[in-house]
>>> print(open('entry_2.pdb').read())   # PDB, C-alpha atoms and all ligand atoms
ATOM      1  CA  LYS A   1       1.104 -27.920 -10.326
ATOM      2  CA  LYS A   2       0.246 -24.294 -11.028
ATOM      3  CA  TYR A   3      -0.059 -23.664  -7.260
ATOM      4  CA  GLN A   4       3.464 -24.968  -6.631
ATOM      5  CA  GLN A   5       4.818 -22.794  -9.441
ATOM      6  CA  GLU A   6       3.084 -19.735  -7.978
ATOM      7  CA  LEU A   7       4.573 -20.323  -4.530
ATOM      8  CA  ARG A   8       8.060 -20.894  -5.969
ATOM      9  CA  PHE A   9       7.722 -17.547  -7.741
ATOM     10  CA  CYS A  10       6.742 -15.846  -4.453
ATOM     11  CA  GLU A  11       9.782 -17.396  -2.761
ATOM     12  CA  SER A  12      12.078 -16.139  -5.550
ATOM     13  CA  VAL A  13      10.781 -12.583  -5.101
ATOM     14  CA  LEU A  14      11.427 -12.775  -1.341
ATOM     15  CA  THR A  15      14.940 -14.156  -1.868
ATOM     16  CA  GLU A  16      15.742 -11.276  -4.205
ATOM     17  CA  ILE A  17      14.505  -8.390  -2.034
ATOM     18  CA  MET A  18      16.387  -9.838   0.960
ATOM     19  CA  LYS A  19      19.733  -9.731  -0.871
ATOM     20  CA  PRO A  20      22.488  -7.607   0.804
ATOM     21  CA  LYS A  21      22.623  -5.236  -2.179
ATOM     22  CA  TYR A  22      19.154  -3.910  -1.271
ATOM     23  CA  GLN A  23      19.726  -3.798   2.493
ATOM     24  CA  LYS A  24      20.255  -0.026   2.526
ATOM     25  CA  PHE A  25      16.568   0.599   1.760
ATOM     26  CA  ALA A  26      14.997  -2.788   2.539
ATOM     27  CA  TYR A  27      16.135  -3.306   6.133
ATOM     28  CA  PRO A  28      13.189  -1.563   7.924
ATOM     29  CA  PHE A  29      10.806  -3.982   6.166
ATOM     30  CA  LEU A  30      12.531  -7.341   6.597
ATOM     31  CA  ALA A  31      11.580  -7.843  10.249
ATOM     32  CA  ALA A  32       8.598  -6.861  12.381
ATOM     33  CA  VAL A  33       8.534  -3.215  13.453
ATOM     34  CA  ASP A  34       9.500  -3.153  17.152
ATOM     35  CA  PRO A  35       7.624  -0.133  18.571
ATOM     36  CA  VAL A  36       9.647  -0.299  21.817
ATOM     37  CA  ALA A  37      13.050  -0.530  20.132
ATOM     38  CA  LEU A  38      12.113   2.237  17.680
ATOM     39  CA  ASN A  39      10.472   4.341  20.388
ATOM     40  CA  ILE A  40       7.218   4.630  18.434
ATOM     41  CA  PRO A  41       4.561   3.666  21.033
ATOM     42  CA  SER A  42       1.810   4.973  18.718
ATOM     43  CA  TYR A  43       2.666   2.406  16.044
ATOM     44  CA  LEU A  44       0.224  -0.327  17.060
ATOM     45  CA  LYS A  45      -2.564   2.243  17.533
ATOM     46  CA  ILE A  46      -2.093   3.529  13.976
ATOM     47  CA  ILE A  47      -1.191   0.253  12.242
ATOM     48  CA  LYS A  48      -3.912  -2.354  12.769
ATOM     49  CA  LYS A  49      -2.214  -5.186  10.902
ATOM     50  CA  PRO A  50       1.604  -4.958  11.143
ATOM     51  CA  MET A  51       3.355  -6.909   8.396
ATOM     52  CA  ASP A  52       6.944  -7.385   7.244
ATOM     53  CA  PHE A  53       8.769  -9.626   4.775
ATOM     54  CA  GLY A  54      10.282 -11.799   7.509
ATOM     55  CA  THR A  55       6.757 -12.676   8.670
ATOM     56  CA  ILE A  56       5.653 -13.159   5.056
ATOM     57  CA  GLU A  57       8.490 -15.624   4.503
ATOM     58  CA  LYS A  58       7.500 -17.559   7.660
ATOM     59  CA  ASN A  59       3.877 -17.628   6.476
ATOM     60  CA  LEU A  60       4.904 -18.801   3.016
ATOM     61  CA  LYS A  61       7.079 -21.600   4.395
ATOM     62  CA  ALA A  62       4.271 -22.602   6.801
ATOM     63  CA  GLY A  63       1.896 -22.932   3.821
ATOM     64  CA  GLN A  64      -0.344 -20.117   5.050
ATOM     65  CA  TYR A  65      -0.864 -18.589   1.614
ATOM     66  CA  GLN A  66      -3.430 -20.349  -0.572
ATOM     67  CA  THR A  67      -2.540 -18.283  -3.632
ATOM     68  CA  ALA A  68       0.085 -15.839  -4.864
ATOM     69  CA  LYS A  69      -2.634 -13.203  -4.459
ATOM     70  CA  ASP A  70      -2.757 -13.819  -0.677
ATOM     71  CA  PHE A  71       1.042 -13.419  -0.597
ATOM     72  CA  HIS A  72       0.787 -10.228  -2.673
ATOM     73  CA  ASN A  73      -1.878  -8.807  -0.339
ATOM     74  CA  ASP A  74       0.454  -9.146   2.675
ATOM     75  CA  ALA A  75       3.335  -7.640   0.684
ATOM     76  CA  LEU A  76       1.219  -4.586  -0.185
ATOM     77  CA  LEU A  77       0.330  -4.278   3.506
ATOM     78  CA  VAL A  78       4.017  -3.770   4.325
ATOM     79  CA  PHE A  79       4.051  -0.747   2.018
ATOM     80  CA  THR A  80       0.665   0.731   2.984
ATOM     81  CA  ASN A  81       1.616   0.430   6.682
ATOM     82  CA  CYS A  82       4.887   2.227   5.921
ATOM     83  CA  TYR A  83       3.150   5.072   4.045
ATOM     84  CA  LYS A  84       0.506   5.385   6.735
ATOM     85  CA  PHE A  85       2.961   5.655   9.617
ATOM     86  CA  ASN A  86       5.893   7.408   7.981
ATOM     87  CA  PRO A  87       4.736  10.688   6.376
ATOM     88  CA  GLU A  88       5.604  11.645   2.799
ATOM     89  CA  GLY A  89       9.179  12.903   2.637
ATOM     90  CA  ASP A  90      10.370  10.947   5.696
ATOM     91  CA  GLU A  91      13.432   8.772   5.181
ATOM     92  CA  VAL A  92      11.616   5.501   5.897
ATOM     93  CA  ASN A  93       8.760   6.485   3.579
ATOM     94  CA  LYS A  94      11.305   7.009   0.769
ATOM     95  CA  MET A  95      12.886   3.640   1.561
ATOM     96  CA  GLY A  96       9.443   2.027   1.429
ATOM     97  CA  LYS A  97       8.901   3.521  -2.025
ATOM     98  CA  GLN A  98      12.248   2.173  -3.217
ATOM     99  CA  LEU A  99      11.432  -1.320  -1.975
ATOM    100  CA  HIS A 100       7.915  -1.039  -3.416
ATOM    101  CA  GLU A 101       9.364  -0.211  -6.866
ATOM    102  CA  LEU A 102      11.756  -3.152  -6.634
ATOM    103  CA  PHE A 103       8.961  -5.491  -5.515
ATOM    104  CA  ASP A 104       6.672  -4.364  -8.361
ATOM    105  CA  SER A 105       9.431  -4.829 -10.947
ATOM    106  CA  LEU A 106      10.023  -8.395  -9.714
ATOM    107  CA  TRP A 107       6.313  -9.165  -9.382
ATOM    108  CA  LYS A 108       5.698  -8.163 -13.009
ATOM    109  CA  GLU A 109       9.047  -9.722 -13.924
TER
HETATM  110  C1  LIG B 201      10.346   8.099  15.528
HETATM  111  C2  LIG B 201      10.317   7.095  14.406
HETATM  112  C3  LIG B 201       9.665   7.416  13.204
HETATM  113  C4  LIG B 201       9.625   6.486  12.154
HETATM  114  C5  LIG B 201      10.235   5.256  12.298
HETATM  115  N1  LIG B 201      10.138   4.386  11.247
HETATM  116  C6  LIG B 201      10.932   3.292  11.116
HETATM  117  C7  LIG B 201      10.493   2.052  10.683
HETATM  118  C8  LIG B 201       9.181   1.661  10.216
HETATM  119  C9  LIG B 201       9.092   0.709   9.193
HETATM  120  C10 LIG B 201       7.868   0.329   8.704
HETATM  121  C11 LIG B 201       6.719   0.893   9.230
HETATM  122  O1  LIG B 201       5.474   0.512   8.760
HETATM  123  C12 LIG B 201       6.801   1.841  10.237
HETATM  124  C13 LIG B 201       8.037   2.220  10.721
HETATM  125  N2  LIG B 201      11.509   1.193  10.727
HETATM  126  C14 LIG B 201      12.571   1.882  11.157
HETATM  127  C15 LIG B 201      13.867   1.431  11.343
HETATM  128  C16 LIG B 201      14.197   0.014  11.153
HETATM  129  C17 LIG B 201      14.847   2.323  11.763
HETATM  130  C18 LIG B 201      14.484   3.648  11.944
HETATM  131  C19 LIG B 201      13.196   4.080  11.771
HETATM  132  N3  LIG B 201      12.250   3.194  11.398
HETATM  133  C20 LIG B 201      10.865   4.919  13.489
HETATM  134  C21 LIG B 201      10.905   5.843  14.540
END
>>> encode(input="entry_2.pdb", output="structure tokens")
Amino acid sequence: KKYQQELRFCESVLTEIMKPKYQKFAYPFLAAVDPVALNIPSYLKIIKKPMDFGTIEKNLKAGQYQTAKDFHNDALLVFTNCYKFNPEGDEVNKMGKQLHELFDSLWKE
């Protein structure tokens, strides 16, 4: 019972951050980074475990998260990858911070 509640909560957080009103800063994080499309060949050398919220949603729906903690760990990976690849002050880094703040506010509800 508790497990189902936890997963429904994770799904509600995903639904919220994917809403159009957040697109302006969320969009780089909703689908897998495409190093070819973005012309960042170094990406996969720097980022060992790429993660994005589209992949997280697939994983959640496929029952690949045992707990909300596992879900949260992948969510944090999206942000740490962003901060690692996009230096402080870069546009995408700032967008990552905005989405991170939104995510934290929803996570703590
Ligand atoms: C030359 C260059 C420099 C930085 C970027 N970053 C970036 C990223 C990105 C997101 C998460 C992440 O962990 C790493 C990168 N997503 C984008 C998008 C969607 C458009 C433009 C830039 N973007 C792209 C090209």
>>> closest_residue(input="entry_2.pdb", among="A:Ala68, A:Val92, A:Val78, A:Ile46", to="Leu30 (chain A)", atoms="only C-alpha atoms")
A:Val78
>>> residues_near_ligand(input="entry_2.pdb", ligand="ligand LIG 201 (chain B)", cutoff="10 Å", atoms="only C-alpha atoms and all ligand atoms", output="number ranges by chain")
A: 25-44, 46-47, 49-52, 77-87, 90-93, 95-96
>>> residues_around(input="entry_2.pdb", residues="Tyr22 (chain A)", least_positions_apart="5", cutoff="10 Å", atoms="all atoms listed in the file", output="PyMOL selection string")
chain A and resi 16-17+27+98-99+102
>>> residues_around(input="entry_2.pdb", residues="Tyr3 (chain A)", least_positions_apart="3", cutoff="9 Å", atoms="all atoms listed in the file", output="VMD selection string")
chain A and resid 6 to 8 66 to 68
>>> atom_distance(input="entry_2.pdb", atom1="CA of Lys61 (chain A)", atom2="CA of Lys45 (chain A)")
28.9 Å
>>> closest_residue(input="entry_2.pdb", among="A:Asp70, A:Tyr65, A:Leu76, A:Gly89", to="Glu101 (chain A)", atoms="all atoms listed in the file")
A:Leu76
>>> atom_distance(input="entry_2.pdb", atom1="CA of His72 (chain A)", atom2="CA of Met18 (chain A)")
16.0 Å
>>> atom_distance(input="entry_2.pdb", atom1="CA of Glu88 (chain A)", atom2="CA of Gln23 (chain A)")
20.9 Å
>>> axis_aligned_box(input="entry_2.pdb", around="region 64-72 of chain A", padding_each_side="8 Å", output="JSON")
{"center_x": -1.2, "center_y": -15.3, "center_z": 0.1, "size_x": 20.5, "size_y": 26.1, "size_z": 25.9}
>>> build_atoms(input="entry_2.pdb", residues="region 67-89 of chain A", atoms="N, CA, C and O atoms", output="PDB file, keeping the file's coordinate frame")
ATOM      1  N   THR A  67      -2.871 -18.713  -2.258  1.00  0.00           N
ATOM      2  CA  THR A  67      -2.540 -18.283  -3.632  1.00  0.00           C
ATOM      3  C   THR A  67      -1.472 -17.202  -3.579  1.00  0.00           C
ATOM      4  O   THR A  67      -1.215 -16.600  -2.530  1.00  0.00           O
ATOM      5  N   ALA A  68      -0.901 -16.922  -4.751  1.00  0.00           N
ATOM      6  CA  ALA A  68       0.085 -15.839  -4.864  1.00  0.00           C
ATOM      7  C   ALA A  68      -0.574 -14.510  -4.528  1.00  0.00           C
ATOM      8  O   ALA A  68       0.063 -13.593  -4.021  1.00  0.00           O
ATOM      9  N   LYS A  69      -1.880 -14.436  -4.753  1.00  0.00           N
ATOM     10  CA  LYS A  69      -2.634 -13.203  -4.459  1.00  0.00           C
ATOM     11  C   LYS A  69      -2.612 -12.921  -2.953  1.00  0.00           C
ATOM     12  O   LYS A  69      -2.418 -11.794  -2.532  1.00  0.00           O
ATOM     13  N   ASP A  70      -2.791 -13.977  -2.145  1.00  0.00           N
ATOM     14  CA  ASP A  70      -2.757 -13.819  -0.677  1.00  0.00           C
ATOM     15  C   ASP A  70      -1.385 -13.301  -0.247  1.00  0.00           C
ATOM     16  O   ASP A  70      -1.268 -12.429   0.605  1.00  0.00           O
ATOM     17  N   PHE A  71      -0.339 -13.843  -0.864  1.00  0.00           N
ATOM     18  CA  PHE A  71       1.042 -13.419  -0.597  1.00  0.00           C
ATOM     19  C   PHE A  71       1.183 -11.946  -0.973  1.00  0.00           C
ATOM     20  O   PHE A  71       1.691 -11.133  -0.195  1.00  0.00           O
ATOM     21  N   HIS A  72       0.673 -11.595  -2.159  1.00  0.00           N
ATOM     22  CA  HIS A  72       0.787 -10.228  -2.673  1.00  0.00           C
ATOM     23  C   HIS A  72       0.044  -9.241  -1.769  1.00  0.00           C
ATOM     24  O   HIS A  72       0.522  -8.127  -1.519  1.00  0.00           O
ATOM     25  N   ASN A  73      -1.104  -9.666  -1.252  1.00  0.00           N
ATOM     26  CA  ASN A  73      -1.878  -8.807  -0.339  1.00  0.00           C
ATOM     27  C   ASN A  73      -1.070  -8.460   0.906  1.00  0.00           C
ATOM     28  O   ASN A  73      -1.048  -7.303   1.341  1.00  0.00           O
ATOM     29  N   ASP A  74      -0.371  -9.435   1.491  1.00  0.00           N
ATOM     30  CA  ASP A  74       0.454  -9.146   2.675  1.00  0.00           C
ATOM     31  C   ASP A  74       1.644  -8.261   2.313  1.00  0.00           C
ATOM     32  O   ASP A  74       2.021  -7.369   3.080  1.00  0.00           O
ATOM     33  N   ALA A  75       2.208  -8.475   1.122  1.00  0.00           N
ATOM     34  CA  ALA A  75       3.335  -7.640   0.684  1.00  0.00           C
ATOM     35  C   ALA A  75       2.894  -6.182   0.558  1.00  0.00           C
ATOM     36  O   ALA A  75       3.570  -5.268   1.035  1.00  0.00           O
ATOM     37  N   LEU A  76       1.713  -5.966  -0.019  1.00  0.00           N
ATOM     38  CA  LEU A  76       1.219  -4.586  -0.185  1.00  0.00           C
ATOM     39  C   LEU A  76       0.957  -3.949   1.180  1.00  0.00           C
ATOM     40  O   LEU A  76       1.152  -2.742   1.366  1.00  0.00           O
ATOM     41  N   LEU A  77       0.581  -4.778   2.150  1.00  0.00           N
ATOM     42  CA  LEU A  77       0.330  -4.278   3.506  1.00  0.00           C
ATOM     43  C   LEU A  77       1.604  -3.690   4.125  1.00  0.00           C
ATOM     44  O   LEU A  77       1.559  -2.676   4.824  1.00  0.00           O
ATOM     45  N   VAL A  78       2.739  -4.299   3.819  1.00  0.00           N
ATOM     46  CA  VAL A  78       4.017  -3.770   4.325  1.00  0.00           C
ATOM     47  C   VAL A  78       4.185  -2.321   3.865  1.00  0.00           C
ATOM     48  O   VAL A  78       4.529  -1.426   4.649  1.00  0.00           O
ATOM     49  N   PHE A  79       3.864  -2.084   2.592  1.00  0.00           N
ATOM     50  CA  PHE A  79       4.051  -0.747   2.018  1.00  0.00           C
ATOM     51  C   PHE A  79       2.987   0.233   2.500  1.00  0.00           C
ATOM     52  O   PHE A  79       3.290   1.367   2.891  1.00  0.00           O
ATOM     53  N   THR A  80       1.728  -0.201   2.541  1.00  0.00           N
ATOM     54  CA  THR A  80       0.665   0.731   2.984  1.00  0.00           C
ATOM     55  C   THR A  80       0.857   1.080   4.461  1.00  0.00           C
ATOM     56  O   THR A  80       0.673   2.241   4.848  1.00  0.00           O
ATOM     57  N   ASN A  81       1.296   0.119   5.277  1.00  0.00           N
ATOM     58  CA  ASN A  81       1.616   0.430   6.682  1.00  0.00           C
ATOM     59  C   ASN A  81       2.723   1.487   6.752  1.00  0.00           C
ATOM     60  O   ASN A  81       2.642   2.457   7.504  1.00  0.00           O
ATOM     61  N   CYS A  82       3.748   1.298   5.926  1.00  0.00           N
ATOM     62  CA  CYS A  82       4.887   2.227   5.921  1.00  0.00           C
ATOM     63  C   CYS A  82       4.430   3.637   5.564  1.00  0.00           C
ATOM     64  O   CYS A  82       4.762   4.602   6.253  1.00  0.00           O
ATOM     65  N   TYR A  83       3.600   3.745   4.502  1.00  0.00           N
ATOM     66  CA  TYR A  83       3.150   5.072   4.045  1.00  0.00           C
ATOM     67  C   TYR A  83       2.190   5.707   5.049  1.00  0.00           C
ATOM     68  O   TYR A  83       2.127   6.933   5.167  1.00  0.00           O
ATOM     69  N   LYS A  84       1.455   4.848   5.761  1.00  0.00           N
ATOM     70  CA  LYS A  84       0.506   5.385   6.735  1.00  0.00           C
ATOM     71  C   LYS A  84       1.246   5.950   7.939  1.00  0.00           C
ATOM     72  O   LYS A  84       0.927   7.024   8.442  1.00  0.00           O
ATOM     73  N   PHE A  85       2.268   5.228   8.398  1.00  0.00           N
ATOM     74  CA  PHE A  85       2.961   5.655   9.617  1.00  0.00           C
ATOM     75  C   PHE A  85       4.055   6.689   9.355  1.00  0.00           C
ATOM     76  O   PHE A  85       4.233   7.618  10.134  1.00  0.00           O
ATOM     77  N   ASN A  86       4.767   6.517   8.279  1.00  0.00           N
ATOM     78  CA  ASN A  86       5.893   7.408   7.981  1.00  0.00           C
ATOM     79  C   ASN A  86       5.465   8.414   6.913  1.00  0.00           C
ATOM     80  O   ASN A  86       5.296   8.051   5.751  1.00  0.00           O
ATOM     81  N   PRO A  87       5.265   9.693   7.318  1.00  0.00           N
ATOM     82  CA  PRO A  87       4.736  10.688   6.376  1.00  0.00           C
ATOM     83  C   PRO A  87       5.593  10.854   5.112  1.00  0.00           C
ATOM     84  O   PRO A  87       6.793  10.584   5.120  1.00  0.00           O
ATOM     85  N   GLU A  88       4.939  11.307   4.074  1.00  0.00           N
ATOM     86  CA  GLU A  88       5.604  11.645   2.799  1.00  0.00           C
ATOM     87  C   GLU A  88       6.857  12.481   3.090  1.00  0.00           C
ATOM     88  O   GLU A  88       6.823  13.390   3.924  1.00  0.00           O
ATOM     89  N   GLY A  89       7.951  12.122   2.449  1.00  0.00           N
ATOM     90  CA  GLY A  89       9.179  12.903   2.637  1.00  0.00           C
ATOM     91  C   GLY A  89      10.086  12.357   3.721  1.00  0.00           C
ATOM     92  O   GLY A  89      11.286  12.609   3.719  1.00  0.00           O
TER      93      GLY A  89
END
